[in-house]
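**Student:** Below is the structure I would like to discuss, written out as structure tokens.
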Amino acid sequence: MSLQKDITKQYGKRTGKEKLYNSDYSYFSEKERAVKIKELVKKIILINNNTTILEIGAGQGGNIPLLREMDFNDDNIFVNELLPERVMHIKNNYPTIKVYEGNALEIDFDRKFDCIFQSTVFTSVLNDDQRIALANKMWKLLKPGGIILWYDFIYNNPNNSDVKKVSVAEVKQLFSNATQISIEKVTLAPPIGRLVGKMYNLFNIPFLRSHILAVFQKQ
Ligand SMILES: C[S@@+](CC[C@H](N)C(=O)[O-])C[C@H]1O[C@@H](n2cnc3c(N)ncnc32)[C@H](O)[C@@H]1O
């Protein structure tokens with residue numbers, strides 16, 4: 001099955017379940033992620049009026065407010081998404097943001113970006129060769145000195161065979177040409193996080209975290 005068909009099928013199953021994730025857990029984990037992304041990116045690149053970012057697999061555009069808070073101008077924010085209904089949502093809600101509809105692997109312009117961002121896209125791509133192709137595509141779209149910004153989970157979910165972890169070793173291998181690497185564990189694992197609710201910060205120790213936030217810089 002093609003990557004496009006796989007993703008369409010997987011996300012078709014999820015429709016209607018999104019509300020399950022609106023909770024104290026979402027609030028605290030998203031807040032933590034936003035703070036850490038801002039800190040990490042600002043340590044490595046300077047975001048000015050010309051700094052460009054492309055988010056692949058942007059979903060419904062939920063990260064766009066964060067990119068704006070990070071001081072990316074709307075003119076410099078580009079997003080890509082495969083599923084047409086999600087693209088429509090982005091266009092309706094963020095009309096000033098440029099959207100490239102379709103498979104990120106098929107983006108075919110010469111433009112290069114200062115930052116290429118992926119957040120929980122690779123764990124939806126189950127095939128190893130497709131993961132390698134997608135990572136190579138991201139690398140190709142990056143300017144020299146630019147960064148890959150990565151957020152994804154590193155443990156499997158036994159209740160969901162539609163997603164597959166990307167281990168730290170695998171992600172390092174995917175971007176083995178990077179000159180500078182920074183990797184940090186983030187996000188209290190969902191089963192624990194949903195259980196402890198408002199006590200998120202109390203339980204959020206590295207040992208109990210399920211995701212990594214990483215930056216890979218190209219020379
Ligand atoms: C779990 S969602 C994450 C959405 C968003 N990045 C976020 O952090 O909220 C993964 C998204 O990646 C998209 N996706 C998966 N493979 C893709 C590909 N090859 N090209 C473009 N989008 C893709 C899916 O359609 C889905 O909307």
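Labels for the structure tokens follow display order: chains A, B, ..., residues from 1 in each chain, ligands from 1.
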Report as an MDAnalysis selection string which protein, DNA and RNA residues come within 8 Å of ligand 1, using only C-alpha atoms and all ligand atoms.
**Tutor:** chainID A and resid 3:4 7:8 11 55:63 80:83 86 101:105 118:125 134 151
**Student:** At a cut-off of 7 Å, using only C-alpha atoms, what residues contact region 37-47 of chain A? Leave out same-chain residues fewer than 5 positions from it and give the result as an mmCIF file with N, CA and C atoms, in the first residue's frame.
**Tutor:**
```cif
data_model
loop_
_atom_site.group_PDB
_atom_site.id
_atom_site.type_symbol
_atom_site.label_atom_id
_atom_site.label_comp_id
_atom_site.auth_asym_id
_atom_site.auth_seq_id
_atom_site.Cartn_x
_atom_site.Cartn_y
_atom_site.Cartn_z
ATOM 1 N N MET A 70 6.917 32.007 18.596
ATOM 2 C CA MET A 70 8.384 31.907 18.499
ATOM 3 C C MET A 70 8.965 33.027 17.644
ATOM 4 N N ASP A 71 8.088 33.896 17.126
ATOM 5 C CA ASP A 71 8.493 35.065 16.325
ATOM 6 C C ASP A 71 8.710 34.773 14.854
ATOM 7 N N PHE A 72 8.219 33.641 14.373
ATOM 8 C CA PHE A 72 8.208 33.456 12.916
ATOM 9 C C PHE A 72 7.085 34.330 12.355
#
```
**Student:** Residues at most 10 Å from region 111-117 of chain A, counting only C-alpha atoms, excluding those fewer than 2 positions away in the same chain, as a ChimeraX atom specification?
**Tutor:** /A:41,45-47,50-58,63,76-79,108-109,119,121,138-151,215-218
**Student:** Restricting it to C-alpha atoms, dump the selection as a PDB file, in the first residue's frame.
**Tutor:**
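After the write, selection.pdb holds the following:
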```
ATOM      1  CA  VAL A  41      15.380  26.593  19.164  1.00  0.00           C
ATOM      2  CA  ILE A  45      19.211  29.701  15.716  1.00  0.00           C
ATOM      3  CA  LEU A  46      18.218  33.343  15.755  1.00  0.00           C
ATOM      4  CA  ILE A  47      14.671  33.908  14.529  1.00  0.00           C
ATOM      5  CA  ASN A  50      13.772  36.409   7.308  1.00  0.00           C
ATOM      6  CA  THR A  51      13.843  33.088   9.154  1.00  0.00           C
ATOM      7  CA  THR A  52      11.679  30.514   7.415  1.00  0.00           C
ATOM      8  CA  ILE A  53      10.056  27.351   8.732  1.00  0.00           C
ATOM      9  CA  LEU A  54       8.267  24.452   7.049  1.00  0.00           C
ATOM     10  CA  GLU A  55       6.197  22.048   9.139  1.00  0.00           C
ATOM     11  CA  ILE A  56       5.577  18.739   7.391  1.00  0.00           C
ATOM     12  CA  GLY A  57       2.458  16.780   8.370  1.00  0.00           C
ATOM     13  CA  ALA A  58       0.972  19.816  10.079  1.00  0.00           C
ATOM     14  CA  ASN A  63       1.322  24.220  15.929  1.00  0.00           C
ATOM     15  CA  ASN A  76       7.785  32.832   6.624  1.00  0.00           C
ATOM     16  CA  ILE A  77       5.608  30.003   7.933  1.00  0.00           C
ATOM     17  CA  PHE A  78       4.903  27.190   5.443  1.00  0.00           C
ATOM     18  CA  VAL A  79       2.991  24.053   6.281  1.00  0.00           C
ATOM     19  CA  ASP A 108       9.118  19.565  -5.529  1.00  0.00           C
ATOM     20  CA  PHE A 109      10.300  23.139  -5.357  1.00  0.00           C
ATOM     21  CA  SER A 119       5.791  16.645  15.239  1.00  0.00           C
ATOM     22  CA  VAL A 121       4.477  12.460  11.839  1.00  0.00           C
ATOM     23  CA  MET A 138      13.549  17.045   5.090  1.00  0.00           C
ATOM     24  CA  TRP A 139      17.342  17.262   4.985  1.00  0.00           C
ATOM     25  CA  LYS A 140      17.264  18.301   1.330  1.00  0.00           C
ATOM     26  CA  LEU A 141      14.789  21.090   2.081  1.00  0.00           C
ATOM     27  CA  LEU A 142      17.098  22.528   4.764  1.00  0.00           C
ATOM     28  CA  LYS A 143      19.469  25.458   4.208  1.00  0.00           C
ATOM     29  CA  PRO A 144      23.091  25.117   5.404  1.00  0.00           C
ATOM     30  CA  GLY A 145      23.090  26.195   9.075  1.00  0.00           C
ATOM     31  CA  GLY A 146      19.397  25.280   9.327  1.00  0.00           C
ATOM     32  CA  ILE A 147      17.816  22.855  11.785  1.00  0.00           C
ATOM     33  CA  ILE A 148      15.519  19.882  11.820  1.00  0.00           C
ATOM     34  CA  LEU A 149      13.135  20.279  14.766  1.00  0.00           C
ATOM     35  CA  TRP A 150      11.810  16.910  15.909  1.00  0.00           C
ATOM     36  CA  TYR A 151       9.105  15.896  18.402  1.00  0.00           C
ATOM     37  CA  VAL A 215      17.361  19.416  16.986  1.00  0.00           C
ATOM     38  CA  PHE A 216      19.734  18.355  14.195  1.00  0.00           C
ATOM     39  CA  GLN A 217      21.769  21.085  12.554  1.00  0.00           C
ATOM     40  CA  LYS A 218      23.104  20.997   9.001  1.00  0.00           C
TER      41      LYS A 218
END
```
**Student:** I'd like the interatomic distance between CA of Arg33 (chain A) and CA of Phe203 (chain A), to a tenth of an Å.
**Tutor:**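 Distance reported for this atom pair: 15.4 Å.
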**Student:** Region 72-169 of chain A: which residues are strand (DSSP E) by DSSP, as a PDB file with N, CA and C atoms, in the first residue's frame?
**Tutor:**
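Result file follows (states_26.pdb):
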```pdb
ATOM      1  N   ILE A  77       6.086  31.307   7.439  1.00  0.00           N
ATOM      2  CA  ILE A  77       5.608  30.003   7.933  1.00  0.00           C
ATOM      3  C   ILE A  77       4.946  29.259   6.769  1.00  0.00           C
ATOM      4  N   PHE A  78       5.444  28.045   6.510  1.00  0.00           N
ATOM      5  CA  PHE A  78       4.903  27.190   5.443  1.00  0.00           C
ATOM      6  C   PHE A  78       4.512  25.870   6.101  1.00  0.00           C
ATOM      7  N   VAL A  79       3.363  25.355   5.732  1.00  0.00           N
ATOM      8  CA  VAL A  79       2.991  24.053   6.281  1.00  0.00           C
ATOM      9  C   VAL A  79       2.590  23.103   5.157  1.00  0.00           C
ATOM     10  N   ASN A  80       2.785  21.821   5.450  1.00  0.00           N
ATOM     11  CA  ASN A  80       2.430  20.777   4.485  1.00  0.00           C
ATOM     12  C   ASN A  80       1.504  19.803   5.194  1.00  0.00           C
ATOM     13  N   GLU A  81       0.537  19.259   4.483  1.00  0.00           N
ATOM     14  CA  GLU A  81      -0.338  18.230   5.064  1.00  0.00           C
ATOM     15  C   GLU A  81      -0.903  17.381   3.939  1.00  0.00           C
ATOM     16  N   LYS A  98       0.959  29.791   4.208  1.00  0.00           N
ATOM     17  CA  LYS A  98       1.023  29.041   2.937  1.00  0.00           C
ATOM     18  C   LYS A  98       0.999  27.522   3.199  1.00  0.00           C
ATOM     19  N   VAL A  99       0.148  26.857   2.447  1.00  0.00           N
ATOM     20  CA  VAL A  99      -0.027  25.413   2.669  1.00  0.00           C
ATOM     21  C   VAL A  99       0.352  24.649   1.398  1.00  0.00           C
ATOM     22  N   TYR A 100       1.191  23.632   1.576  1.00  0.00           N
ATOM     23  CA  TYR A 100       1.496  22.712   0.467  1.00  0.00           C
ATOM     24  C   TYR A 100       0.740  21.428   0.725  1.00  0.00           C
ATOM     25  N   GLU A 101      -0.280  21.197  -0.092  1.00  0.00           N
ATOM     26  CA  GLU A 101      -1.122  20.021   0.111  1.00  0.00           C
ATOM     27  C   GLU A 101      -0.491  18.797  -0.535  1.00  0.00           C
ATOM     28  N   PHE A 113      14.676  25.960   3.580  1.00  0.00           N
ATOM     29  CA  PHE A 113      14.162  26.598   4.792  1.00  0.00           C
ATOM     30  C   PHE A 113      15.227  26.600   5.898  1.00  0.00           C
ATOM     31  N   ASP A 114      15.045  27.527   6.870  1.00  0.00           N
ATOM     32  CA  ASP A 114      15.956  27.564   8.021  1.00  0.00           C
ATOM     33  C   ASP A 114      15.591  26.497   9.047  1.00  0.00           C
ATOM     34  N   CYS A 115      14.329  26.123   9.053  1.00  0.00           N
ATOM     35  CA  CYS A 115      13.891  25.093  10.012  1.00  0.00           C
ATOM     36  C   CYS A 115      12.856  24.197   9.341  1.00  0.00           C
ATOM     37  N   ILE A 116      13.053  22.898   9.471  1.00  0.00           N
ATOM     38  CA  ILE A 116      12.029  21.942   9.032  1.00  0.00           C
ATOM     39  C   ILE A 116      11.554  21.225  10.291  1.00  0.00           C
ATOM     40  N   PHE A 117      10.272  21.289  10.524  1.00  0.00           N
ATOM     41  CA  PHE A 117       9.683  20.807  11.777  1.00  0.00           C
ATOM     42  C   PHE A 117       8.809  19.587  11.500  1.00  0.00           C
ATOM     43  N   GLN A 118       8.967  18.551  12.323  1.00  0.00           N
ATOM     44  CA  GLN A 118       8.008  17.445  12.282  1.00  0.00           C
ATOM     45  C   GLN A 118       7.608  17.114  13.709  1.00  0.00           C
ATOM     46  N   SER A 119       6.318  16.964  13.920  1.00  0.00           N
ATOM     47  CA  SER A 119       5.791  16.645  15.239  1.00  0.00           C
ATOM     48  C   SER A 119       4.808  15.479  15.094  1.00  0.00           C
ATOM     49  N   LEU A 142      16.486  21.694   3.725  1.00  0.00           N
ATOM     50  CA  LEU A 142      17.098  22.528   4.764  1.00  0.00           C
ATOM     51  C   LEU A 142      18.264  23.336   4.209  1.00  0.00           C
ATOM     52  N   LYS A 143      18.323  24.625   4.601  1.00  0.00           N
ATOM     53  CA  LYS A 143      19.469  25.458   4.208  1.00  0.00           C
ATOM     54  C   LYS A 143      20.701  25.045   5.032  1.00  0.00           C
ATOM     55  N   PRO A 144      21.907  25.308   4.551  1.00  0.00           N
ATOM     56  CA  PRO A 144      23.091  25.117   5.404  1.00  0.00           C
ATOM     57  C   PRO A 144      22.941  25.997   6.651  1.00  0.00           C
ATOM     58  N   GLY A 145      23.259  25.459   7.811  1.00  0.00           N
ATOM     59  CA  GLY A 145      23.090  26.195   9.075  1.00  0.00           C
ATOM     60  C   GLY A 145      21.696  26.010   9.658  1.00  0.00           C
ATOM     61  N   GLY A 146      20.783  25.457   8.871  1.00  0.00           N
ATOM     62  CA  GLY A 146      19.397  25.280   9.327  1.00  0.00           C
ATOM     63  C   GLY A 146      19.244  24.071  10.240  1.00  0.00           C
ATOM     64  N   ILE A 147      18.048  23.952  10.826  1.00  0.00           N
ATOM     65  CA  ILE A 147      17.816  22.855  11.785  1.00  0.00           C
ATOM     66  C   ILE A 147      16.559  22.040  11.453  1.00  0.00           C
ATOM     67  N   ILE A 148      16.689  20.754  11.751  1.00  0.00           N
ATOM     68  CA  ILE A 148      15.519  19.882  11.820  1.00  0.00           C
ATOM     69  C   ILE A 148      15.017  19.975  13.256  1.00  0.00           C
ATOM     70  N   LEU A 149      13.739  20.272  13.430  1.00  0.00           N
ATOM     71  CA  LEU A 149      13.135  20.279  14.766  1.00  0.00           C
ATOM     72  C   LEU A 149      12.215  19.070  14.837  1.00  0.00           C
ATOM     73  N   TRP A 150      12.444  18.232  15.844  1.00  0.00           N
ATOM     74  CA  TRP A 150      11.810  16.910  15.909  1.00  0.00           C
ATOM     75  C   TRP A 150      11.090  16.712  17.235  1.00  0.00           C
ATOM     76  N   TYR A 151       9.828  16.272  17.174  1.00  0.00           N
ATOM     77  CA  TYR A 151       9.105  15.896  18.402  1.00  0.00           C
ATOM     78  C   TYR A 151       8.345  14.613  18.095  1.00  0.00           C
ATOM     79  N   ASP A 152       8.668  13.548  18.805  1.00  0.00           N
ATOM     80  CA  ASP A 152       7.942  12.299  18.544  1.00  0.00           C
ATOM     81  C   ASP A 152       8.182  11.323  19.688  1.00  0.00           C
ATOM     82  N   PHE A 153       7.428  10.223  19.708  1.00  0.00           N
ATOM     83  CA  PHE A 153       7.560   9.314  20.849  1.00  0.00           C
ATOM     84  C   PHE A 153       8.537   8.165  20.591  1.00  0.00           C
TER      85      PHE A 153
END
```
**Student:** In terms of the shortest atom-to-atom distance over only C-alpha atoms, which of A:Asn127, A:Gln10, A:Gln173, A:Ser29 is closest to Ala189 (chain A)?
**Tutor:**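 Result for the nearest residue to Ala189 (chain A): A:Ser29.
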**Student:** List every residue of region 69-205 of chain A that DSSP, applied to the backbone of this structure, places in alpha helix (DSSP H), and write the result as JSON, numbers by chain.
**Tutor:** {"A": [69, 84, 85, 86, 87, 88, 89, 90, 91, 92, 93, 128, 129, 130, 131, 132, 133, 134, 135, 136, 137, 138, 139, 140, 168, 169, 170, 171, 172, 173, 174, 190, 191, 192, 193, 194, 195, 196, 200, 201, 202, 203]}
**Student:** Contacts of region 198-202 of chain A at 12 Å or less, counting only C-alpha atoms, minus same-chain residues fewer than 6 places along, as a ChimeraX atom specification?
**Tutor:** /A:23-32,186-192,208-209
**Student:** Suppose we keep C-alpha atoms; can you now write the selection as a JSON list (two decimals), in the first residue's frame?
**Tutor:**
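To be explicit, this is the file written out as again30.json:
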```
[["chain", "number", "residue", "atom", "x", "y", "z"],
["A", 23, "SER", "CA", -7.88, 17.17, 29.17],
["A", 24, "ASP", "CA", -5.57, 18.45, 31.88],
["A", 25, "TYR", "CA", -3.04, 16.12, 30.32],
["A", 26, "SER", "CA", -3.23, 17.91, 26.96],
["A", 27, "TYR", "CA", -3.01, 21.29, 28.66],
["A", 28, "PHE", "CA", 0.10, 20.49, 30.71],
["A", 29, "SER", "CA", 1.92, 18.41, 28.10],
["A", 30, "GLU", "CA", 1.35, 20.98, 25.34],
["A", 31, "LYS", "CA", 2.48, 23.79, 27.61],
["A", 32, "GLU", "CA", 5.65, 21.90, 28.54],
["A", 186, "VAL", "CA", 9.87, 15.40, 27.23],
["A", 187, "THR", "CA", 6.18, 14.67, 27.89],
["A", 188, "LEU", "CA", 4.96, 12.54, 30.75],
["A", 189, "ALA", "CA", 3.84, 9.22, 29.19],
["A", 190, "PRO", "CA", 0.12, 9.47, 28.28],
["A", 191, "PRO", "CA", -1.20, 6.61, 30.50],
["A", 192, "ILE", "CA", 0.46, 8.16, 33.56],
["A", 208, "LEU", "CA", 8.50, 8.62, 33.02],
["A", 209, "ARG", "CA", 8.67, 10.61, 29.78]]
```
**Student:** Expressed in Å to a single decimal, how great is the separation between CA of Ala169 (chain A) and CA of Ala135 (chain A)?
**Tutor:**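 Separating CA of Ala169 (chain A) from CA of Ala135 (chain A) is a distance of 14.1 Å.
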